[in-house]
Structure formats: structure tokens, C-alpha cells
file run-v2.cif (mmCIF, C-alpha atoms)
data_my_file
#
loop_
_atom_site.label_atom_id
_atom_site.label_comp_id
_atom_site.auth_asym_id
_atom_site.auth_seq_id
_atom_site.Cartn_x
_atom_site.Cartn_y
_atom_site.Cartn_z
CA MET A 1 43.44 15.60 -0.96
CA TYR A 2 45.08 18.77 -2.28
CA GLU A 3 46.29 17.02 -5.42
CA TYR A 4 42.81 15.59 -6.05
CA LEU A 5 41.29 19.08 -5.85
CA LEU A 6 44.10 20.46 -8.01
CA SER A 7 43.42 17.73 -10.58
CA ILE A 8 39.73 18.67 -10.68
CA PHE A 9 40.59 22.35 -11.09
CA LEU A 10 43.12 21.83 -13.87
CA GLY A 11 40.80 19.37 -15.60
CA VAL A 12 38.07 22.00 -15.60
CA VAL A 13 40.49 24.63 -16.96
CA GLU A 14 41.62 22.31 -19.77
CA GLY A 15 38.07 21.23 -20.63
CA LEU A 16 36.82 24.82 -20.68
CA THR A 17 39.62 26.33 -22.72
CA GLU A 18 40.81 23.64 -25.14
CA PHE A 19 38.15 24.28 -27.78
CA LEU A 20 37.11 27.83 -26.98
CA PRO A 21 39.23 30.40 -28.88
CA VAL A 22 41.03 31.55 -25.72
CA SER A 23 44.13 29.26 -25.59
CA SER A 24 44.27 26.36 -23.16
CA THR A 25 48.09 26.51 -23.17
CA ALA A 26 48.11 30.08 -21.88
CA HIS A 27 45.53 29.30 -19.20
CA LEU A 28 47.46 26.27 -17.93
CA ARG A 29 50.71 28.28 -17.84
CA ILE A 30 48.96 31.07 -15.93
CA CYS A 31 47.58 28.51 -13.46
CA GLU A 32 51.07 27.03 -13.11
CA ALA A 33 52.51 30.44 -12.21
CA LEU A 34 49.71 31.42 -9.84
CA LEU A 35 49.52 28.07 -8.03
CA HIS A 36 53.31 27.61 -7.93
CA ILE A 37 53.26 24.16 -9.50
CA ASP A 38 55.73 22.83 -12.04
CA LEU A 39 53.86 21.41 -15.02
CA HIS A 40 57.26 20.42 -16.47
CA ASP A 41 57.88 18.01 -13.61
CA GLY A 42 57.75 14.42 -14.90
CA PHE A 43 54.41 13.51 -13.35
CA TRP A 44 52.67 16.81 -14.03
CA LYS A 45 53.94 16.77 -17.60
CA MET A 46 52.23 13.39 -17.95
CA TYR A 47 49.15 14.87 -16.28
CA THR A 48 48.83 17.69 -18.83
CA ILE A 49 49.04 15.10 -21.62
CA VAL A 50 46.34 12.97 -20.01
CA ILE A 51 43.88 15.84 -19.59
CA GLN A 52 44.49 16.87 -23.20
CA LEU A 53 43.60 13.31 -24.23
CA GLY A 54 40.39 13.62 -22.22
CA ALA A 55 39.49 16.80 -24.09
CA ILE A 56 40.36 15.22 -27.46
CA LEU A 57 38.04 12.28 -26.78
CA ALA A 58 35.11 14.69 -26.44
CA LEU A 59 35.27 15.56 -30.16
CA PRO A 60 34.70 12.10 -31.72
CA VAL A 61 32.05 11.41 -29.09
CA TYR A 62 30.16 14.61 -29.94
CA PHE A 63 30.66 14.37 -33.71
CA TRP A 64 30.27 10.58 -34.07
CA HIS A 65 27.21 10.96 -36.32
CA ARG A 66 28.96 13.45 -38.63
CA ILE A 67 32.08 11.28 -38.76
CA LEU A 68 30.06 8.21 -39.76
CA GLN A 69 28.20 10.32 -42.34
CA PHE A 70 31.47 11.47 -43.89
CA LEU A 71 32.89 7.94 -43.90
CA ARG A 72 29.77 6.53 -45.58
CA THR A 73 29.79 9.16 -48.32
CA PHE A 74 33.54 9.14 -49.03
CA PRO A 75 34.73 10.18 -51.62
CA LYS A 76 31.71 11.50 -53.56
CA GLY A 77 29.97 13.23 -50.67
CA GLU A 78 26.32 13.23 -49.70
CA ARG A 79 25.33 15.20 -52.81
CA GLY A 80 27.63 13.26 -55.14
CA ASN A 81 29.58 16.38 -56.13
CA ARG A 82 32.80 15.76 -54.17
CA THR A 83 36.04 14.06 -55.20
CA ILE A 84 38.85 12.35 -53.34
CA LEU A 85 40.50 15.79 -53.00
CA THR A 86 37.42 17.83 -52.08
CA HIS A 87 35.64 15.53 -49.62
CA PRO A 88 35.53 17.03 -46.09
CA LEU A 89 37.74 14.24 -44.70
CA SER A 90 40.33 14.86 -47.41
CA LEU A 91 40.26 18.61 -46.76
CA THR A 92 40.81 17.97 -43.06
CA LEU A 93 43.85 15.84 -43.90
CA ILE A 94 45.19 18.48 -46.32
CA ALA A 95 44.90 21.22 -43.68
CA PHE A 96 46.56 18.95 -41.10
CA VAL A 97 49.56 18.25 -43.36
CA VAL A 98 49.95 21.95 -44.14
CA THR A 99 50.18 22.58 -40.38
CA ALA A 100 52.18 19.54 -39.32
CA VAL A 101 55.25 19.85 -41.55
CA PRO A 102 56.23 23.45 -40.65
CA ALA A 103 55.31 22.88 -36.99
CA TRP A 104 57.64 19.87 -36.84
CA LEU A 105 60.46 21.87 -38.43
CA LEU A 106 59.94 24.65 -35.88
CA THR A 107 59.87 22.35 -32.82
CA LYS A 108 62.79 24.11 -31.06
CA GLN A 109 61.28 27.58 -31.45
CA ILE A 110 57.92 26.30 -30.26
CA GLY A 111 59.58 24.87 -27.14
CA LYS A 112 61.19 28.23 -26.35
CA ASN A 113 57.93 30.14 -26.74
CA LEU A 114 56.10 27.71 -24.44
CA GLU A 115 58.27 29.04 -21.62
CA ASN A 116 57.60 32.70 -22.40
CA LEU A 117 54.57 34.31 -20.75
CA TRP A 118 55.28 37.56 -22.61
CA VAL A 119 54.73 35.77 -25.91
CA MET A 120 51.48 34.29 -24.62
CA ALA A 121 50.23 37.63 -23.33
CA LEU A 122 50.91 39.37 -26.64
CA ALA A 123 49.36 36.46 -28.57
CA LEU A 124 46.22 36.67 -26.44
CA LEU A 125 45.94 40.43 -26.97
CA ILE A 126 46.73 40.52 -30.71
CA GLY A 127 44.67 37.40 -31.38
CA GLY A 128 41.69 38.93 -29.60
CA ILE A 129 41.89 42.09 -31.71
CA VAL A 130 42.20 40.07 -34.93
CA MET A 131 39.29 37.85 -33.98
CA TRP A 132 37.10 40.86 -33.18
CA VAL A 133 37.90 42.58 -36.48
CA VAL A 134 37.35 39.41 -38.51
CA ASP A 135 34.03 38.63 -36.85
CA VAL A 136 32.75 42.17 -37.51
CA VAL A 137 34.07 42.58 -41.06
CA PHE A 138 33.54 39.16 -42.64
CA THR A 139 29.77 38.86 -42.27
CA ARG A 140 28.82 37.67 -45.77
CA PRO A 141 30.02 34.08 -46.09
CA ARG A 142 29.87 32.26 -49.40
CA THR A 143 30.48 28.78 -47.94
CA MET A 144 27.68 27.90 -45.56
CA HIS A 145 28.55 24.26 -44.82
CA MET A 146 31.72 22.24 -44.36
CA GLU A 147 30.66 20.00 -47.26
CA GLU A 148 31.02 22.99 -49.63
CA MET A 149 34.65 23.81 -48.77
CA THR A 150 37.45 23.87 -51.34
CA PRO A 151 41.14 22.78 -51.15
CA PRO A 152 42.45 26.40 -51.19
CA GLN A 153 40.27 27.18 -48.15
CA ALA A 154 41.60 24.11 -46.33
CA ILE A 155 45.22 25.01 -47.19
CA TRP A 156 44.71 28.58 -45.94
CA ILE A 157 43.19 27.39 -42.64
CA GLY A 158 45.98 24.84 -42.15
CA ALA A 159 48.58 27.54 -42.76
CA ALA A 160 46.89 29.85 -40.25
CA GLN A 161 46.96 27.09 -37.63
CA ILE A 162 50.77 27.18 -37.71
CA LEU A 163 50.57 30.48 -35.80
CA SER A 164 48.98 28.72 -32.83
CA ALA A 165 51.84 26.22 -32.73
CA VAL A 166 54.64 28.77 -33.02
CA PHE A 167 53.06 31.40 -30.76
CA PRO A 168 51.31 29.75 -27.78
CA GLY A 169 48.46 31.90 -26.60
CA THR A 170 47.23 32.43 -30.15
CA SER A 171 44.83 29.48 -29.76
CA ARG A 172 44.35 26.77 -32.31
CA SER A 173 40.60 27.45 -32.35
CA MET A 174 41.04 31.20 -32.80
CA SER A 175 43.46 30.87 -35.70
CA THR A 176 41.39 28.29 -37.59
CA ILE A 177 38.02 29.96 -36.96
CA ALA A 178 39.24 33.42 -37.97
CA ALA A 179 41.04 31.99 -41.02
CA GLY A 180 37.87 30.17 -42.01
CA GLN A 181 35.79 33.34 -41.80
CA VAL A 182 38.37 35.24 -43.88
CA ALA A 183 38.21 32.43 -46.45
CA GLY A 184 34.45 32.87 -46.75
CA LEU A 185 33.13 30.22 -44.37
CA SER A 186 30.09 30.86 -42.22
CA ARG A 187 30.65 30.90 -38.47
CA PRO A 188 29.20 27.38 -37.95
CA ALA A 189 31.17 25.96 -40.89
CA ALA A 190 34.41 27.57 -39.69
CA LEU A 191 33.84 26.25 -36.17
CA GLU A 192 32.98 22.73 -37.31
CA PHE A 193 36.03 22.52 -39.56
CA SER A 194 38.13 23.84 -36.69
CA PHE A 195 36.87 20.99 -34.51
CA PHE A 196 37.52 18.37 -37.19
CA LEU A 197 41.02 19.72 -37.81
CA SER A 198 41.67 19.61 -34.06
CA MET A 199 41.24 15.83 -33.97
CA PRO A 200 44.31 14.76 -36.01
CA THR A 201 46.30 17.81 -34.91
CA MET A 202 45.80 17.20 -31.20
CA VAL A 203 46.20 13.42 -31.42
CA VAL A 204 49.56 13.75 -33.18
CA ALA A 205 50.81 16.64 -31.02
CA THR A 206 49.75 14.97 -27.78
CA GLY A 207 51.10 11.61 -28.90
CA PHE A 208 54.44 13.24 -29.73
CA ASP A 209 54.56 14.84 -26.26
CA PHE A 210 53.68 11.50 -24.67
CA LEU A 211 56.50 9.69 -26.47
CA LYS A 212 58.99 12.40 -25.47
CA THR A 213 57.86 12.04 -21.87
CA VAL A 214 58.07 8.25 -21.52
CA MET A 215 61.01 7.49 -23.83
CA PRO A 216 63.98 6.21 -21.75
CA ARG A 217 66.39 8.69 -23.32
CA HIS A 218 64.48 11.58 -21.74
CA HIS A 219 65.87 10.99 -18.26
CA GLU A 220 64.60 14.31 -16.94
CA ALA A 221 61.06 13.02 -17.46
CA ASP A 222 61.42 9.62 -15.78
CA ILE A 223 57.74 8.91 -15.63
CA ALA A 224 57.21 5.57 -17.34
CA PRO A 225 53.65 4.38 -16.58
CA LEU A 226 54.85 1.51 -14.38
CA THR A 227 56.56 3.96 -12.00
CA ILE A 228 53.33 5.80 -11.19
CA ASN A 229 51.87 4.90 -7.81
CA ALA A 230 48.19 4.38 -6.93
CA HIS A 231 47.71 7.94 -5.70
CA GLN A 232 49.11 9.37 -8.93
CA TRP A 233 46.91 7.09 -11.04
CA ILE A 234 43.86 8.45 -9.22
CA VAL A 235 45.02 12.02 -9.89
CA LEU A 236 45.42 11.19 -13.59
CA VAL A 237 42.02 9.51 -13.84
CA ILE A 238 40.29 12.42 -12.11
CA GLY A 239 41.86 14.93 -14.49
CA PHE A 240 41.04 12.82 -17.55
CA VAL A 241 37.38 12.32 -16.62
CA VAL A 242 36.81 15.93 -15.59
CA SER A 243 38.48 17.27 -18.74
CA PHE A 244 36.45 14.93 -20.97
CA PHE A 245 33.03 15.82 -19.56
CA VAL A 246 33.73 19.55 -19.31
CA ALA A 247 35.07 19.62 -22.90
CA LEU A 248 32.04 17.65 -24.14
CA MET A 249 29.67 20.19 -22.58
CA VAL A 250 31.72 23.10 -23.93
CA VAL A 251 31.71 21.75 -27.50
CA ALA A 252 27.93 21.23 -27.44
CA TRP A 253 27.33 24.68 -25.94
CA PHE A 254 29.77 26.41 -28.28
CA MET A 255 28.19 24.94 -31.43
CA ASN A 256 24.77 26.20 -30.33
CA TRP A 257 26.15 29.59 -29.27
CA VAL A 258 27.83 30.24 -32.61
CA ARG A 259 24.67 29.48 -34.59
CA GLU A 260 22.98 32.42 -32.85
CA ARG A 261 25.84 34.75 -31.89
CA GLY A 262 29.38 35.65 -32.87
CA PHE A 263 32.86 35.41 -31.38
CA VAL A 264 33.19 38.99 -30.08
CA PRO A 265 32.74 38.07 -26.38
CA PHE A 266 35.67 35.66 -26.63
CA ALA A 267 37.74 38.29 -28.42
CA LEU A 268 37.00 40.78 -25.63
CA TYR A 269 37.95 38.22 -22.99
CA ARG A 270 41.27 37.58 -24.76
CA ILE A 271 42.04 41.30 -24.92
CA VAL A 272 41.29 41.84 -21.22
CA LEU A 273 43.30 38.76 -20.19
CA GLY A 274 46.21 39.74 -22.44
CA ILE A 275 46.35 43.28 -21.04
CA GLY A 276 46.04 41.96 -17.49
CA LEU A 277 48.85 39.44 -17.99
CA LEU A 278 51.12 42.06 -19.59
CA THR A 279 50.49 44.38 -16.64
CA VAL A 280 51.31 41.67 -14.10
CA LEU A 281 54.48 40.69 -15.97
CA ALA A 282 55.60 44.33 -16.29
CA ARG A 283 55.30 44.72 -12.53
CA GLY A 284 57.34 41.58 -11.95
CA MET A 285 54.52 39.85 -10.11
CA MET A 286 54.89 36.56 -12.03
#

call {"tool": "encode", "arguments": {"input": "run-v2.cif", "output": "C-alpha cells"}}
result
Amino acid sequence: MYEYLLSIFLGVVEGLTEFLPVSSTAHLRICEALLHIDLHDGFWKMYTIVIQLGAILALPVYFWHRILQFLRTFPKGERGNRTILTHPLSLTLIAFVVTAVPAWLLTKQIGKNLENLWVMALALLIGGIVMWVVDVVFTRPRTMHMEEMTPPQAIWIGAAQILSAVFPGTSRSMSTIAAGQVAGLSRPAALEFSFFLSMPTMVVATGFDFLKTVMPRHHEADIAPLTINAHQWIVLVIGFVVSFFVALMVVAWFMNWVRERGFVPFALYRIVLGIGLLTVLARGMM
């Protein structure tokens, strides 16, 4: 029963934090430390991948209409003024490639930082300050909709997303949203592009983690699907379903929130959490 309740709790944490600009990675690592569980254990490593997949699925479900619209209008766009390089789907792919290549080359450094709560605490704090400043300063966007974006804007946002890969705690959403605002996107446009960019980024990153976990040569993660017992399957399914539905609600709520308000509350939360985590670490309590 404990593992079922733990699965629900972690699924909620993942669903709540994956697409908000507060870093799901940092929150899961904090939960790991507080609850004294090892998310690097073979089964729990698989579990974190499964709940991430649940969160990922929420995006195409929520944006299915927009995705079909973009596919129908490719490559000229709804207004007929786009090209194969400037269509929103192409810009998403460009930003993804800009992120993926350096992130792959920096895989070892990323792995080291994932173990470092100090890095996450500083990333939360600094990222919160940056997000606050950006949201207050860049209030006159020149690109109101994702359909109006340009390749340089996409390249800049993709480059900014590298920070979230190298420094866990930065948050993929925070880096792409703030970069979008700096590049002249409106808050809704920056958020929507952030969500679209998350789809290929998270699918590839999560798929890579999955392959590393189940490949026979990774003996320390001996967790091939056929070795999972019935109890563990139930734990995985619970986490997947909870993460999916929570993430779906968060995405819908966040899109509506941003249309009326800004990102300052999330920046403030990051700053408080970062300071709190630094204090706890300095006192040797984690």
C-alpha cells in the first residue's frame, strides 16, 4: 500500500511541475532526499521515465486541434505567408535540433549535475530572478502569435533550452519562456512554443533514458519489462495515469493563467525554494 500511495504522490509532483517553470527534476530529487527513496534504483528509474511519459502524453492530447491545424497548413501556413523554414512545425524542429546536439555532446556533465542538489538550488534561485526580471522588463512584445515567429527566434529559444539540460533546476519551461519573451514573443506565444518544443525534446530525452535503462549492457539497471512483477506494474500504471491527468489539468490552467497574468508568482516560488534548499544543504540536513 505504501508504494501505491508513493506512486500517487510522485505522479502528482511530476504532473504539477513538468510544464510549470519550476523544474520537475529538482522537485523529484528533493522528494527523493526527503522520503529516503532511491530514484536511481532500477525499478524507480523506470518509474520516473514512465511518469514523464504520462506528462508528455498530456501535450498532444491538449493541443491536438492546433497540431492538426499546423499539419493541414504545412508549409504555407494558415495565412499563406509561411515557408518550409518559417512554418511553426519547422521552427519547432529547428529549436529542437539546436538544443539536442549540444545536449548530447554534454551528456557526461549533465549526468554529474543531476546528482548535485547545490547546482539545482542555485539554478532555482538564479532562474527565478531571471524570470522575474524578464517578465517585468519585456512587456512590449512584437510577436503576438506562434504563427508569426521567425527562425532566429526559434534558434535563440533552442539555445536557451540547453541551460535546462546542463543545469537541472533551471527548468525547460523557464528557459524557453524567458528566452521567448526576450526575443519579443508575447507571454501566450512564448508559452505555447515552449509546450510545442517540449514534445520532441521530452520524447527523445525520455526515450534515451528508457533505452539506457533496459539495454542489457546496463547491468546496474536490470529492469527489463519482463522482470517486473504484477505489483510493480500496478505502481507504474498508477504513476502514469496520475501524472497524465494532473499534467493535462496543469497545461489547461497554465494557458488560461498566462493570458491574464504573468510569471512573477512562479519566479517568487523558485526564489523561495532555492533559498530554502541552499539553507538546508548548508546545514547538512540533506

call {"tool": "residues_around", "arguments": {"input": "run-v2.cif", "residues": "stretch 272-275 of chain A", "least_positions_apart": "4", "cutoff": "9 Å", "atoms": "only C-alpha atoms", "output": "PyMOL selection string"}}
result
chain A and resi 120-126+128+267-268+279-280

call {"tool": "closest_residue", "arguments": {"input": "run-v2.cif", "among": "A:Phe196, A:Thr150, A:Leu16, A:Ile162", "to": "A:Thr107", "atoms": "all atoms listed in the file"}}
result
A:Ile162

call {"tool": "residues_around", "arguments": {"input": "run-v2.cif", "residues": "A:Pro102", "least_positions_apart": "6", "cutoff": "12 Å", "atoms": "all atoms listed in the file", "output": "PDB file with C-alpha atoms, keeping the file's coordinate frame"}}
result
ATOM      1  CA  ALA A  95      44.900  21.220 -43.680  1.00  0.00           C
ATOM      2  CA  PHE A  96      46.560  18.950 -41.100  1.00  0.00           C
ATOM      3  CA  LYS A 108      62.790  24.110 -31.060  1.00  0.00           C
ATOM      4  CA  GLN A 109      61.280  27.580 -31.450  1.00  0.00           C
ATOM      5  CA  ILE A 110      57.920  26.300 -30.260  1.00  0.00           C
ATOM      6  CA  GLY A 158      45.980  24.840 -42.150  1.00  0.00           C
ATOM      7  CA  ALA A 159      48.580  27.540 -42.760  1.00  0.00           C
ATOM      8  CA  ALA A 160      46.890  29.850 -40.250  1.00  0.00           C
ATOM      9  CA  GLN A 161      46.960  27.090 -37.630  1.00  0.00           C
ATOM     10  CA  ILE A 162      50.770  27.180 -37.710  1.00  0.00           C
ATOM     11  CA  LEU A 163      50.570  30.480 -35.800  1.00  0.00           C
ATOM     12  CA  SER A 164      48.980  28.720 -32.830  1.00  0.00           C
ATOM     13  CA  ALA A 165      51.840  26.220 -32.730  1.00  0.00           C
ATOM     14  CA  VAL A 166      54.640  28.770 -33.020  1.00  0.00           C
TER      15      VAL A 166
END

call {"tool": "resolve_selection", "arguments": {"input": "run-v2.cif", "expression": "the PyMOL selection byres ((chain A and resi 249-258) around 8)", "output": "PyMOL selection string"}}
result
chain A and resi 15-16+19-20+58-59+62+187-188+191-192+245-248+259-263

call {"tool": "residues_near_point", "arguments": {"input": "run-v2.cif", "point": "(51.6, 14.4, -19.7)", "cutoff": "10 Å", "atoms": "only C-alpha atoms", "output": "mmCIF file with C-alpha atoms, in the coordinates of the input"}}
result
data_model
loop_
_atom_site.group_PDB
_atom_site.id
_atom_site.type_symbol
_atom_site.label_atom_id
_atom_site.label_comp_id
_atom_site.auth_asym_id
_atom_site.auth_seq_id
_atom_site.Cartn_x
_atom_site.Cartn_y
_atom_site.Cartn_z
ATOM 1 C CA LEU A 39 53.860 21.410 -15.020
ATOM 2 C CA HIS A 40 57.260 20.420 -16.470
ATOM 3 C CA ASP A 41 57.880 18.010 -13.610
ATOM 4 C CA GLY A 42 57.750 14.420 -14.900
ATOM 5 C CA PHE A 43 54.410 13.510 -13.350
ATOM 6 C CA TRP A 44 52.670 16.810 -14.030
ATOM 7 C CA LYS A 45 53.940 16.770 -17.600
ATOM 8 C CA MET A 46 52.230 13.390 -17.950
ATOM 9 C CA TYR A 47 49.150 14.870 -16.280
ATOM 10 C CA THR A 48 48.830 17.690 -18.830
ATOM 11 C CA ILE A 49 49.040 15.100 -21.620
ATOM 12 C CA VAL A 50 46.340 12.970 -20.010
ATOM 13 C CA ILE A 51 43.880 15.840 -19.590
ATOM 14 C CA GLN A 52 44.490 16.870 -23.200
ATOM 15 C CA LEU A 53 43.600 13.310 -24.230
ATOM 16 C CA THR A 206 49.750 14.970 -27.780
ATOM 17 C CA GLY A 207 51.100 11.610 -28.900
ATOM 18 C CA ASP A 209 54.560 14.840 -26.260
ATOM 19 C CA PHE A 210 53.680 11.500 -24.670
ATOM 20 C CA LEU A 211 56.500 9.690 -26.470
ATOM 21 C CA LYS A 212 58.990 12.400 -25.470
ATOM 22 C CA THR A 213 57.860 12.040 -21.870
ATOM 23 C CA VAL A 214 58.070 8.250 -21.520
ATOM 24 C CA ALA A 221 61.060 13.020 -17.460
ATOM 25 C CA ILE A 223 57.740 8.910 -15.630
ATOM 26 C CA LEU A 236 45.420 11.190 -13.590
#

call {"tool": "resolve_selection", "arguments": {"input": "run-v2.cif", "expression": "the PyMOL selection byres ((chain A and resi 75) around 9)", "output": "JSON, numbers by chain"}}
result
{"A": [70, 71, 72, 73, 74, 76, 77, 80, 82, 83, 84, 85, 86, 87, 88, 89, 90]}

call {"tool": "atom_distance", "arguments": {"input": "run-v2.cif", "atom1": "atom CA of A:Pro151", "atom2": "atom CA of A:Gln69"}}
result
20.0 Å

call {"tool": "atom_distance", "arguments": {"input": "run-v2.cif", "atom1": "atom CA of A:Arg142", "atom2": "atom CA of A:Ala189"}}
result
10.7 Å

call {"tool": "resolve_selection", "arguments": {"input": "run-v2.cif", "expression": "the PyMOL selection byres ((chain A and resi 11) around 7)", "output": "compact mmCIF listing (two decimals) with C-alpha atoms, in the coordinates of the input"}}
result
# COMPACT_ATOMS: atom_id res chain seq x y z
CA SER A 7 43.42 17.73 -10.58
CA ILE A 8 39.73 18.67 -10.68
CA PHE A 9 40.59 22.35 -11.09
CA LEU A 10 43.12 21.83 -13.87
CA VAL A 12 38.07 22.00 -15.60
CA VAL A 13 40.49 24.63 -16.96
CA GLU A 14 41.62 22.31 -19.77
CA GLY A 15 38.07 21.23 -20.63
CA ILE A 51 43.88 15.84 -19.59
CA GLY A 239 41.86 14.93 -14.49
CA PHE A 240 41.04 12.82 -17.55
CA VAL A 242 36.81 15.93 -15.59
CA SER A 243 38.48 17.27 -18.74

call {"tool": "closest_residue", "arguments": {"input": "run-v2.cif", "among": "A:Gln153, A:Thr170, A:Ser198, A:Thr92", "to": "A:Val119", "atoms": "all atoms listed in the file"}}
result
A:Thr170

call {"tool": "closest_residue", "arguments": {"input": "run-v2.cif", "among": "A:Glu115, A:Gln181, A:Arg270, A:Val133", "to": "A:Ser23", "atoms": "all atoms listed in the file"}}
result
A:Arg270

call {"tool": "atom_distance", "arguments": {"input": "run-v2.cif", "atom1": "atom CA of A:Val136", "atom2": "atom CA of A:Val22"}}
result
17.9 Å

call {"tool": "build_atoms", "arguments": {"input": "run-v2.cif", "residues": "stretch 183-198 of chain A", "atoms": "N, CA and C atoms", "output": "compact mmCIF listing (two decimals), in the frame of the given file"}}
result
# COMPACT_ATOMS: atom_id res chain seq x y z
N ALA A 183 38.29 33.20 -45.21
CA ALA A 183 38.21 32.43 -46.45
C ALA A 183 36.79 32.29 -46.98
N GLY A 184 35.81 32.88 -46.26
CA GLY A 184 34.45 32.87 -46.75
C GLY A 184 33.53 31.85 -46.11
N LEU A 185 33.98 31.18 -45.06
CA LEU A 185 33.13 30.22 -44.37
C LEU A 185 32.18 30.93 -43.41
N SER A 186 31.01 30.36 -43.24
CA SER A 186 30.09 30.86 -42.22
C SER A 186 30.66 30.52 -40.85
N ARG A 187 30.16 31.18 -39.82
CA ARG A 187 30.65 30.90 -38.47
C ARG A 187 30.50 29.42 -38.10
N PRO A 188 29.32 28.80 -38.30
CA PRO A 188 29.20 27.38 -37.95
C PRO A 188 30.13 26.49 -38.76
N ALA A 189 30.29 26.78 -40.05
CA ALA A 189 31.17 25.96 -40.89
C ALA A 189 32.62 26.11 -40.46
N ALA A 190 33.04 27.34 -40.15
CA ALA A 190 34.41 27.57 -39.69
C ALA A 190 34.67 26.86 -38.37
N LEU A 191 33.69 26.89 -37.47
CA LEU A 191 33.84 26.25 -36.17
C LEU A 191 33.89 24.73 -36.31
N GLU A 192 32.99 24.18 -37.14
CA GLU A 192 32.98 22.73 -37.31
C GLU A 192 34.28 22.24 -37.93
N PHE A 193 34.76 22.93 -38.96
CA PHE A 193 36.03 22.52 -39.56
C PHE A 193 37.18 22.64 -38.56
N SER A 194 37.13 23.67 -37.73
CA SER A 194 38.13 23.84 -36.69
C SER A 194 38.15 22.64 -35.76
N PHE A 195 36.96 22.16 -35.38
CA PHE A 195 36.87 20.99 -34.51
C PHE A 195 37.41 19.74 -35.20
N PHE A 196 37.05 19.54 -36.47
CA PHE A 196 37.52 18.37 -37.19
C PHE A 196 39.04 18.41 -37.37
N LEU A 197 39.58 19.58 -37.65
CA LEU A 197 41.02 19.72 -37.81
C LEU A 197 41.74 19.50 -36.48
N SER A 198 41.06 19.82 -35.38
CA SER A 198 41.67 19.61 -34.06
C SER A 198 41.94 18.14 -33.78
